[in-house]
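Here the structure is laid out as structure tokens; the discussion comes afterwards.
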Amino acid sequence: MRTHRQLVVYQSILQVLQETGCPFCRFLKEYQTARLQNHSKEDIHRLCNFHAWGLAAVQNAPAAAQVFIKLVDEPPSLSKEDSGCDVCREVLAEEDLRLREFVSCITRTDVSHWLRGPAVLCIPHGAKLRKQVQPVLAARIDAIIENCRQQLAQELQHLRDEAEPDRTGWGAIGRAAEFLVSQRGLHS
């Protein structure tokens, strides 16, 4: 997350299919950043570690200070309903919405082309998606994840085995982290 970076505001998961990486991670990362940049102090009552730091990173100083003053002055609730990070809850709800949207569009030509072509999924989103589709499509999701795994394994082995002064391909480390656990801050 970057302070005041220009956001791409996606309205549909279909807009992200031709981008690099897991489309669900990309969509949710932009959604999460937009929520942190556009939250009013009244919207936030609890933040997890990641989203507290994220808010500090993406808000301008006066706006962040206003939110943090409210959080410092507001005693934490001990109620089960009030526990948990507000932003985490919103991101999970948006994730569920986007998974359902994708499944509802699965017969579209652009989606079926993506599934047969350049598809990339992280393990967490692949696992969630495969629970919502027919067995034939679940097998295709498994094949996508296996293809991603094989490509990453090759890149990581190359990175590991390349001589120190010539070492390139550090992006493979970040792609491996996303593949294993999704993008930073999307799942705890």
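Labeling convention for the structure tokens: chains A, B, ... as they appear, residues from 1 per chain, ligands from 1 in order of appearance.
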
- Item | Polymer residues at most 10 Å from Gln59 of chain A, only C-alpha atoms, same-chain spacing of 2 or more positions, as a list in words |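 So the residues in contact are Arg2, Thr3, His4, Thr33, Leu36, Gln37, Asn38, His39, Gly54, Leu55, Ala56, Ala57, Ala61, Pro62, Ala63, Ala64, Ala65 and Val67 of chain A.
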
Convert the current residue selection to file output with N, CA and C atoms, as an mmCIF file, in the first residue's frame.
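The resulting file, result-v7.cif, is reproduced below:
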```
data_model
loop_
_atom_site.group_PDB
_atom_site.id
_atom_site.type_symbol
_atom_site.label_atom_id
_atom_site.label_comp_id
_atom_site.auth_asym_id
_atom_site.auth_seq_id
_atom_site.Cartn_x
_atom_site.Cartn_y
_atom_site.Cartn_z
ATOM 1 N N ARG A 2 0.500 2.193 -0.783
ATOM 2 C CA ARG A 2 1.268 3.419 -0.900
ATOM 3 C C ARG A 2 0.373 4.606 -0.565
ATOM 4 N N THR A 3 0.954 5.623 0.070
ATOM 5 C CA THR A 3 0.204 6.815 0.393
ATOM 6 C C THR A 3 -0.279 7.482 -0.882
ATOM 7 N N HIS A 4 -1.570 7.677 -0.991
ATOM 8 C CA HIS A 4 -2.211 8.418 -2.073
ATOM 9 C C HIS A 4 -1.851 7.944 -3.465
ATOM 10 N N THR A 33 -7.297 -1.350 -0.347
ATOM 11 C CA THR A 33 -6.618 -0.059 -0.324
ATOM 12 C C THR A 33 -7.624 1.080 -0.434
ATOM 13 N N LEU A 36 -9.331 1.556 2.877
ATOM 14 C CA LEU A 36 -8.466 2.221 3.854
ATOM 15 C C LEU A 36 -8.309 3.707 3.526
ATOM 16 N N GLN A 37 -8.263 4.042 2.248
ATOM 17 C CA GLN A 37 -8.113 5.445 1.873
ATOM 18 C C GLN A 37 -9.406 6.235 2.068
ATOM 19 N N ASN A 38 -10.532 5.575 1.962
ATOM 20 C CA ASN A 38 -11.809 6.288 1.959
ATOM 21 C C ASN A 38 -12.660 6.092 3.204
ATOM 22 N N HIS A 39 -12.140 5.417 4.205
ATOM 23 C CA HIS A 39 -12.898 5.221 5.441
ATOM 24 C C HIS A 39 -13.015 6.545 6.187
ATOM 25 N N GLY A 54 -1.705 -0.379 7.608
ATOM 26 C CA GLY A 54 -2.147 -0.017 6.261
ATOM 27 C C GLY A 54 -2.829 1.330 6.231
ATOM 28 N N LEU A 55 -3.680 1.590 7.202
ATOM 29 C CA LEU A 55 -4.346 2.889 7.294
ATOM 30 C C LEU A 55 -3.311 3.997 7.464
ATOM 31 N N ALA A 56 -2.331 3.749 8.305
ATOM 32 C CA ALA A 56 -1.272 4.735 8.514
ATOM 33 C C ALA A 56 -0.489 4.985 7.218
ATOM 34 N N ALA A 57 -0.359 3.980 6.391
ATOM 35 C CA ALA A 57 0.424 4.108 5.162
ATOM 36 C C ALA A 57 -0.329 4.810 4.039
ATOM 37 N N ALA A 61 -1.761 12.351 6.793
ATOM 38 C CA ALA A 61 -1.517 12.397 8.242
ATOM 39 C C ALA A 61 -2.709 12.925 9.033
ATOM 40 N N PRO A 62 -3.349 14.048 8.657
ATOM 41 C CA PRO A 62 -4.489 14.518 9.459
ATOM 42 C C PRO A 62 -5.655 13.526 9.497
ATOM 43 N N ALA A 63 -5.958 12.897 8.360
ATOM 44 C CA ALA A 63 -7.067 11.934 8.323
ATOM 45 C C ALA A 63 -6.735 10.698 9.158
ATOM 46 N N ALA A 64 -5.510 10.204 9.035
ATOM 47 C CA ALA A 64 -5.098 9.043 9.837
ATOM 48 C C ALA A 64 -5.130 9.396 11.318
ATOM 49 N N ALA A 65 -4.645 10.584 11.669
ATOM 50 C CA ALA A 65 -4.648 11.005 13.074
ATOM 51 C C ALA A 65 -6.065 11.044 13.617
ATOM 52 N N VAL A 67 -8.685 9.259 12.701
ATOM 53 C CA VAL A 67 -9.166 7.891 12.921
ATOM 54 C C VAL A 67 -8.509 7.299 14.166
#
```

- Task: Once DSSP has gone over the backbone, tell me which residues of segment 3-43 of chain A are in helix (DSSP H, G or I), as a list in words.
- Result: Ile13, Leu14, Gln15, Val16, Pro23, Phe24, Cys25, Arg26, Phe27, Leu28, Lys29, Glu30, Tyr31, Gln32, Thr33, Ala34, Arg35, Leu36, Gln37 and Asn38 of chain A

Export N, CA, C and O atoms of the chosen residues as an mmCIF file, in the first residue's frame?
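What landed in result-v9.cif:
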```cif
data_model
loop_
_atom_site.group_PDB
_atom_site.id
_atom_site.type_symbol
_atom_site.label_atom_id
_atom_site.label_comp_id
_atom_site.auth_asym_id
_atom_site.auth_seq_id
_atom_site.Cartn_x
_atom_site.Cartn_y
_atom_site.Cartn_z
ATOM 1 N N ILE A 13 -15.064 -8.638 -11.144
ATOM 2 C CA ILE A 13 -13.908 -9.538 -11.200
ATOM 3 C C ILE A 13 -13.501 -9.783 -12.650
ATOM 4 O O ILE A 13 -12.327 -10.029 -12.940
ATOM 5 N N LEU A 14 -14.435 -9.656 -13.575
ATOM 6 C CA LEU A 14 -14.145 -9.885 -14.991
ATOM 7 C C LEU A 14 -13.159 -8.858 -15.539
ATOM 8 O O LEU A 14 -12.417 -9.152 -16.476
ATOM 9 N N GLN A 15 -13.115 -7.673 -14.959
ATOM 10 C CA GLN A 15 -12.183 -6.637 -15.395
ATOM 11 C C GLN A 15 -10.735 -7.008 -15.098
ATOM 12 O O GLN A 15 -9.821 -6.435 -15.682
ATOM 13 N N VAL A 16 -10.511 -7.937 -14.201
ATOM 14 C CA VAL A 16 -9.171 -8.238 -13.706
ATOM 15 C C VAL A 16 -8.586 -9.494 -14.351
ATOM 16 O O VAL A 16 -7.408 -9.784 -14.179
ATOM 17 N N PRO A 23 -6.550 -13.079 -10.045
ATOM 18 C CA PRO A 23 -7.484 -11.965 -10.209
ATOM 19 C C PRO A 23 -8.214 -11.604 -8.910
ATOM 20 O O PRO A 23 -8.516 -10.433 -8.677
ATOM 21 N N PHE A 24 -8.457 -12.591 -8.075
ATOM 22 C CA PHE A 24 -9.144 -12.314 -6.811
ATOM 23 C C PHE A 24 -8.235 -11.508 -5.887
ATOM 24 O O PHE A 24 -8.678 -10.562 -5.249
ATOM 25 N N CYS A 25 -6.959 -11.871 -5.849
ATOM 26 C CA CYS A 25 -5.993 -11.099 -5.042
ATOM 27 C C CYS A 25 -5.898 -9.667 -5.548
ATOM 28 O O CYS A 25 -5.910 -8.719 -4.765
ATOM 29 N N ARG A 26 -5.777 -9.496 -6.858
ATOM 30 C CA ARG A 26 -5.643 -8.154 -7.421
ATOM 31 C C ARG A 26 -6.879 -7.310 -7.100
ATOM 32 O O ARG A 26 -6.777 -6.183 -6.652
ATOM 33 N N PHE A 27 -8.064 -7.876 -7.359
ATOM 34 C CA PHE A 27 -9.301 -7.144 -7.099
ATOM 35 C C PHE A 27 -9.383 -6.752 -5.631
ATOM 36 O O PHE A 27 -9.658 -5.598 -5.288
ATOM 37 N N LEU A 28 -9.166 -7.717 -4.750
ATOM 38 C CA LEU A 28 -9.327 -7.467 -3.311
ATOM 39 C C LEU A 28 -8.251 -6.541 -2.759
ATOM 40 O O LEU A 28 -8.521 -5.770 -1.826
ATOM 41 N N LYS A 29 -7.060 -6.572 -3.309
ATOM 42 C CA LYS A 29 -6.006 -5.670 -2.851
ATOM 43 C C LYS A 29 -6.395 -4.213 -3.165
ATOM 44 O O LYS A 29 -6.243 -3.334 -2.320
ATOM 45 N N GLU A 30 -6.922 -3.987 -4.364
ATOM 46 C CA GLU A 30 -7.376 -2.638 -4.722
ATOM 47 C C GLU A 30 -8.583 -2.226 -3.878
ATOM 48 O O GLU A 30 -8.676 -1.091 -3.420
ATOM 49 N N TYR A 31 -9.492 -3.153 -3.659
ATOM 50 C CA TYR A 31 -10.659 -2.881 -2.825
ATOM 51 C C TYR A 31 -10.215 -2.513 -1.407
ATOM 52 O O TYR A 31 -10.681 -1.527 -0.823
ATOM 53 N N GLN A 32 -9.310 -3.297 -0.855
ATOM 54 C CA GLN A 32 -8.806 -3.066 0.500
ATOM 55 C C GLN A 32 -8.137 -1.698 0.608
ATOM 56 O O GLN A 32 -8.392 -0.948 1.560
ATOM 57 N N THR A 33 -7.297 -1.350 -0.347
ATOM 58 C CA THR A 33 -6.618 -0.059 -0.324
ATOM 59 C C THR A 33 -7.624 1.080 -0.434
ATOM 60 O O THR A 33 -7.521 2.076 0.289
ATOM 61 N N ALA A 34 -8.614 0.931 -1.316
ATOM 62 C CA ALA A 34 -9.645 1.961 -1.452
ATOM 63 C C ALA A 34 -10.418 2.137 -0.143
ATOM 64 O O ALA A 34 -10.714 3.269 0.260
ATOM 65 N N ARG A 35 -10.729 1.021 0.514
ATOM 66 C CA ARG A 35 -11.453 1.119 1.790
ATOM 67 C C ARG A 35 -10.611 1.836 2.841
ATOM 68 O O ARG A 35 -11.119 2.628 3.620
ATOM 69 N N LEU A 36 -9.331 1.556 2.877
ATOM 70 C CA LEU A 36 -8.466 2.221 3.854
ATOM 71 C C LEU A 36 -8.309 3.707 3.526
ATOM 72 O O LEU A 36 -8.263 4.539 4.425
ATOM 73 N N GLN A 37 -8.263 4.042 2.248
ATOM 74 C CA GLN A 37 -8.113 5.445 1.873
ATOM 75 C C GLN A 37 -9.406 6.235 2.068
ATOM 76 O O GLN A 37 -9.353 7.426 2.302
ATOM 77 N N ASN A 38 -10.532 5.575 1.962
ATOM 78 C CA ASN A 38 -11.809 6.288 1.959
ATOM 79 C C ASN A 38 -12.660 6.092 3.204
ATOM 80 O O ASN A 38 -13.795 6.540 3.241
#
```

- Please provide the set of residues having any atom within 8 Å of segment 134-145 of chain A, restricted to only C-alpha atoms, with same-chain residues fewer than 6 positions apart removed, written as a PyMOL selection string. chain A and resi 115+119-123+126

- Task: Would you list the contacts of Gly84 of chain A as a VMD selection string, taking every protein, DNA or RNA residue within 8 Å and counting only C-alpha atoms, but skipping same-chain residues closer than 3 positions in sequence?
- Result: chain A and resid 46 to 48 88 to 89

- Message: As an exercise, work out the distance from atom CA of Asp96 of chain A to atom CA of Leu152 of chain A in Å and give it to one decimal place.
- Response: 26.8 Å
